[in-house]
Amino acid sequence: MQFVVGQQLREPVGSVTRYDVREAKPFPDEDDSVSDVAGTVEMMRTDKGILVSASLDCRIAGRCSRCLTEISYRLPLTFQEEYLPTVDPLSEEALPQPDEPDTFLIDGHQVLDLREAVRQYRMLVEPMQPLCQADCLGLCPRCGYDLNQGPCECPGQDTDDRWAALAELAEKLEQE
């Protein structure tokens with residue numbers, strides 16, 4: 001997900017370039033849980049740099065937060081970020097660093113790299129507790145059996161004496 005944008009930096013403000021993106025492993029040396037990134041990237045020349053509008057889908061591999069089975073799910077990513085050049089495209093002289101430290105930059109070879117933006121936006125939209133299915137029953141807290149496979153063989157659960165009064169009230173309400 002790297003684009004050489006030297007020519008686009010020389011074009012007039014407002015010019016737009018559109019790319020179709022498809023990458024099987026966008027983070028080959030780092031994160032192997034992200035795969036099959038596909039979608040469109042539109043780059044518009046601005047007076048400062050290039051405004052990137054991305055609409056991507058990726059596949060995430062992980063574990064269900066309840067039953068711990070391996071899962072894979074689709075994650076849509078949509079973002080818009082402005083990338084600023086570090087080198088003047090005409091004179092090739094170094095430009096001053098932007099005031100904000102988190103600004104996305106186009107490197108000295110005029111390569112715009114989307115991987116960091118994809119990584120950051122993935123972290124924002126990824127579910128905190130992914131599930132294999134919406135009604136996942138999880139694991140038995142006593143024996144660790146996957147309750148999605150059926151009931152476990154554990155004996156009935158002992159109730160805490162502190163809940164006895166509430167259990168009696170619930171039983172009375174059921175009888176009425």
# chains A, B, ... in the order shown; residues from 1 in each chain; ligands from 1
>>> residues_around(residues="region 7-16 of chain A", least_positions_apart="6", cutoff="8 Å", atoms="only C-alpha atoms", output="list in words")
Glu42, Met43, Met44, Arg45, Thr46, Asp47, Gly49, Ile50, Pro89 and Leu90 of chain A
>>> write_last_selection(atoms="N, CA and C atoms", output="mmCIF file, in the first residue's frame")
data_model
loop_
_atom_site.group_PDB
_atom_site.id
_atom_site.type_symbol
_atom_site.label_atom_id
_atom_site.label_comp_id
_atom_site.auth_asym_id
_atom_site.auth_seq_id
_atom_site.Cartn_x
_atom_site.Cartn_y
_atom_site.Cartn_z
ATOM 1 N N GLU A 42 -8.580 7.210 -3.195
ATOM 2 C CA GLU A 42 -8.643 8.382 -4.051
ATOM 3 C C GLU A 42 -7.705 9.434 -3.473
ATOM 4 N N MET A 43 -6.828 9.973 -4.318
ATOM 5 C CA MET A 43 -5.855 10.964 -3.867
ATOM 6 C C MET A 43 -6.087 12.272 -4.619
ATOM 7 N N MET A 44 -6.314 13.324 -3.844
ATOM 8 C CA MET A 44 -6.554 14.636 -4.430
ATOM 9 C C MET A 44 -5.417 15.575 -4.019
ATOM 10 N N ARG A 45 -4.861 16.250 -4.997
ATOM 11 C CA ARG A 45 -3.787 17.223 -4.742
ATOM 12 C C ARG A 45 -4.375 18.432 -4.037
ATOM 13 N N THR A 46 -3.772 18.808 -2.910
ATOM 14 C CA THR A 46 -4.185 20.005 -2.171
ATOM 15 C C THR A 46 -3.057 21.023 -2.253
ATOM 16 N N ASP A 47 -3.290 22.188 -1.677
ATOM 17 C CA ASP A 47 -2.239 23.209 -1.710
ATOM 18 C C ASP A 47 -1.046 22.832 -0.830
ATOM 19 N N GLY A 49 -0.402 19.228 0.180
ATOM 20 C CA GLY A 49 0.065 17.871 -0.084
ATOM 21 C C GLY A 49 -0.966 17.074 -0.857
ATOM 22 N N ILE A 50 -1.323 15.904 -0.319
ATOM 23 C CA ILE A 50 -2.284 15.021 -0.972
ATOM 24 C C ILE A 50 -3.303 14.554 0.057
ATOM 25 N N PRO A 89 8.611 18.925 -4.361
ATOM 26 C CA PRO A 89 8.608 18.076 -5.549
ATOM 27 C C PRO A 89 9.364 18.675 -6.744
ATOM 28 N N LEU A 90 9.516 19.981 -6.795
ATOM 29 C CA LEU A 90 10.200 20.608 -7.931
ATOM 30 C C LEU A 90 11.688 20.788 -7.675
#
>>> residues_around(residues="Leu56 (chain A)", least_positions_apart="5", cutoff="10 Å", atoms="only C-alpha atoms", output="NGL selection string")
:A and (20-22 or 36-41 or 75-79 or 118)
>>> write_last_selection(atoms="C-alpha atoms", output="PDB file, in the first residue's frame")
ATOM      1  CA  ASP A  20      -7.940   0.047  -6.763  1.00  0.00           C
ATOM      2  CA  VAL A  21      -6.123  -1.664  -3.906  1.00  0.00           C
ATOM      3  CA  ARG A  22      -5.761  -5.397  -3.310  1.00  0.00           C
ATOM      4  CA  ASP A  36      -6.908  -9.456   2.161  1.00  0.00           C
ATOM      5  CA  VAL A  37      -7.078  -5.656   2.128  1.00  0.00           C
ATOM      6  CA  ALA A  38      -9.143  -4.502  -0.856  1.00  0.00           C
ATOM      7  CA  GLY A  39     -10.949  -1.337  -1.883  1.00  0.00           C
ATOM      8  CA  THR A  40     -10.393   2.052  -3.429  1.00  0.00           C
ATOM      9  CA  VAL A  41      -8.064   4.930  -2.626  1.00  0.00           C
ATOM     10  CA  LEU A  75     -13.622  -5.183   8.944  1.00  0.00           C
ATOM     11  CA  PRO A  76     -14.533  -2.138   6.829  1.00  0.00           C
ATOM     12  CA  LEU A  77     -12.177   0.849   7.032  1.00  0.00           C
ATOM     13  CA  THR A  78     -13.057   4.305   5.755  1.00  0.00           C
ATOM     14  CA  PHE A  79     -10.818   7.275   6.401  1.00  0.00           C
ATOM     15  CA  VAL A 118      -4.650   1.499   7.989  1.00  0.00           C
TER      16      VAL A 118
END
>>> closest_residue(among="A:Glu23, A:Glu82, A:Glu70, A:Glu176", to="Asp57 (chain A)", atoms="only C-alpha atoms")
A:Glu23
>>> residues_around(residues="Pro151 (chain A)", least_positions_apart="5", cutoff="12 Å", atoms="only C-alpha atoms", output="ChimeraX atom specification")
/A:137-140,143-146,156
>>> select_by_dssp(residues="chain A", states="alpha helix (DSSP H)", output="PyMOL selection string")
chain A and resi 6-10+115-125+164-175
>>> write_last_selection(atoms="C-alpha atoms", output="PDB file, in the first residue's frame")
ATOM      1  CA  GLY A   6       5.989  12.482  -7.265  1.00  0.00           C
ATOM      2  CA  GLN A   7       4.071  13.196 -10.468  1.00  0.00           C
ATOM      3  CA  GLN A   8       0.852  13.959  -8.597  1.00  0.00           C
ATOM      4  CA  LEU A   9       2.681  16.465  -6.361  1.00  0.00           C
ATOM      5  CA  ARG A  10       3.583  18.379  -9.526  1.00  0.00           C
ATOM      6  CA  ARG A 115       0.062   1.169   6.121  1.00  0.00           C
ATOM      7  CA  GLU A 116       0.285   3.319   9.263  1.00  0.00           C
ATOM      8  CA  ALA A 117      -3.100   4.932   8.588  1.00  0.00           C
ATOM      9  CA  VAL A 118      -4.650   1.499   7.989  1.00  0.00           C
ATOM     10  CA  ARG A 119      -3.107   0.228  11.240  1.00  0.00           C
ATOM     11  CA  GLN A 120      -4.418   3.215  13.241  1.00  0.00           C
ATOM     12  CA  TYR A 121      -7.918   3.161  11.791  1.00  0.00           C
ATOM     13  CA  ARG A 122      -8.121  -0.597  12.252  1.00  0.00           C
ATOM     14  CA  MET A 123      -7.436  -0.097  15.963  1.00  0.00           C
ATOM     15  CA  LEU A 124     -10.259   2.457  16.131  1.00  0.00           C
ATOM     16  CA  VAL A 125     -12.960   0.321  14.519  1.00  0.00           C
ATOM     17  CA  ALA A 164     -30.664 -16.422  49.176  1.00  0.00           C
ATOM     18  CA  ALA A 165     -33.163 -13.637  49.916  1.00  0.00           C
ATOM     19  CA  LEU A 166     -33.220 -12.600  46.275  1.00  0.00           C
ATOM     20  CA  ALA A 167     -33.704 -16.223  45.183  1.00  0.00           C
ATOM     21  CA  GLU A 168     -36.700 -16.530  47.528  1.00  0.00           C
ATOM     22  CA  LEU A 169     -38.216 -13.346  46.103  1.00  0.00           C
ATOM     23  CA  ALA A 170     -37.752 -14.608  42.572  1.00  0.00           C
ATOM     24  CA  GLU A 171     -39.418 -17.895  43.489  1.00  0.00           C
ATOM     25  CA  LYS A 172     -42.417 -16.066  44.989  1.00  0.00           C
ATOM     26  CA  LEU A 173     -42.787 -13.924  41.870  1.00  0.00           C
ATOM     27  CA  GLU A 174     -42.726 -17.014  39.639  1.00  0.00           C
ATOM     28  CA  GLN A 175     -45.510 -18.636  41.698  1.00  0.00           C
TER      29      GLN A 175
END
>>> residues_around(residues="Asp113 (chain A)", least_positions_apart="5", cutoff="7 Å", atoms="only C-alpha atoms", output="list in words")
Met1, Gln2 and Phe3 of chain A
>>> closest_residue(among="A:Cys152, A:Val34, A:Leu51, A:Leu131", to="Ile106 (chain A)", atoms="only C-alpha atoms")
A:Leu51
>>> select_by_dssp(residues="region 3-175 of chain A", states="strand (DSSP E)", output="number ranges by chain")
A: 3-4, 16-23, 34-45, 50-63, 70-85, 104-106, 111-113
>>> decode(residues="region 126-147 of chain A", atoms="C-alpha atoms", output="short mmCIF file (atom, residue, chain, number, x, y, z; two decimals), in the first residue's frame")
data_model
loop_
_atom_site.label_atom_id
_atom_site.label_comp_id
_atom_site.auth_asym_id
_atom_site.auth_seq_id
_atom_site.Cartn_x
_atom_site.Cartn_y
_atom_site.Cartn_z
CA GLU A 126 -11.95 -3.18 15.60
CA PRO A 127 -14.38 -4.62 18.16
CA MET A 128 -12.98 -4.79 21.68
CA GLN A 129 -14.51 -8.22 22.24
CA PRO A 130 -14.95 -10.03 18.93
CA LEU A 131 -17.41 -12.92 18.96
CA CYS A 132 -17.66 -16.06 16.84
CA GLN A 133 -21.46 -15.57 16.85
CA ALA A 134 -23.74 -13.05 18.52
CA ASP A 135 -25.19 -15.62 20.96
CA CYS A 136 -21.90 -17.32 21.87
CA LEU A 137 -22.30 -19.07 25.23
CA GLY A 138 -18.61 -18.98 26.11
CA LEU A 139 -16.77 -21.39 28.41
CA CYS A 140 -17.96 -23.04 31.61
CA PRO A 141 -16.32 -21.11 34.47
CA ARG A 142 -15.65 -24.37 36.35
CA CYS A 143 -14.37 -26.87 33.82
CA GLY A 144 -13.64 -24.70 30.75
CA TYR A 145 -15.92 -26.69 28.42
CA ASP A 146 -17.14 -24.82 25.33
CA LEU A 147 -20.86 -24.34 26.08
#
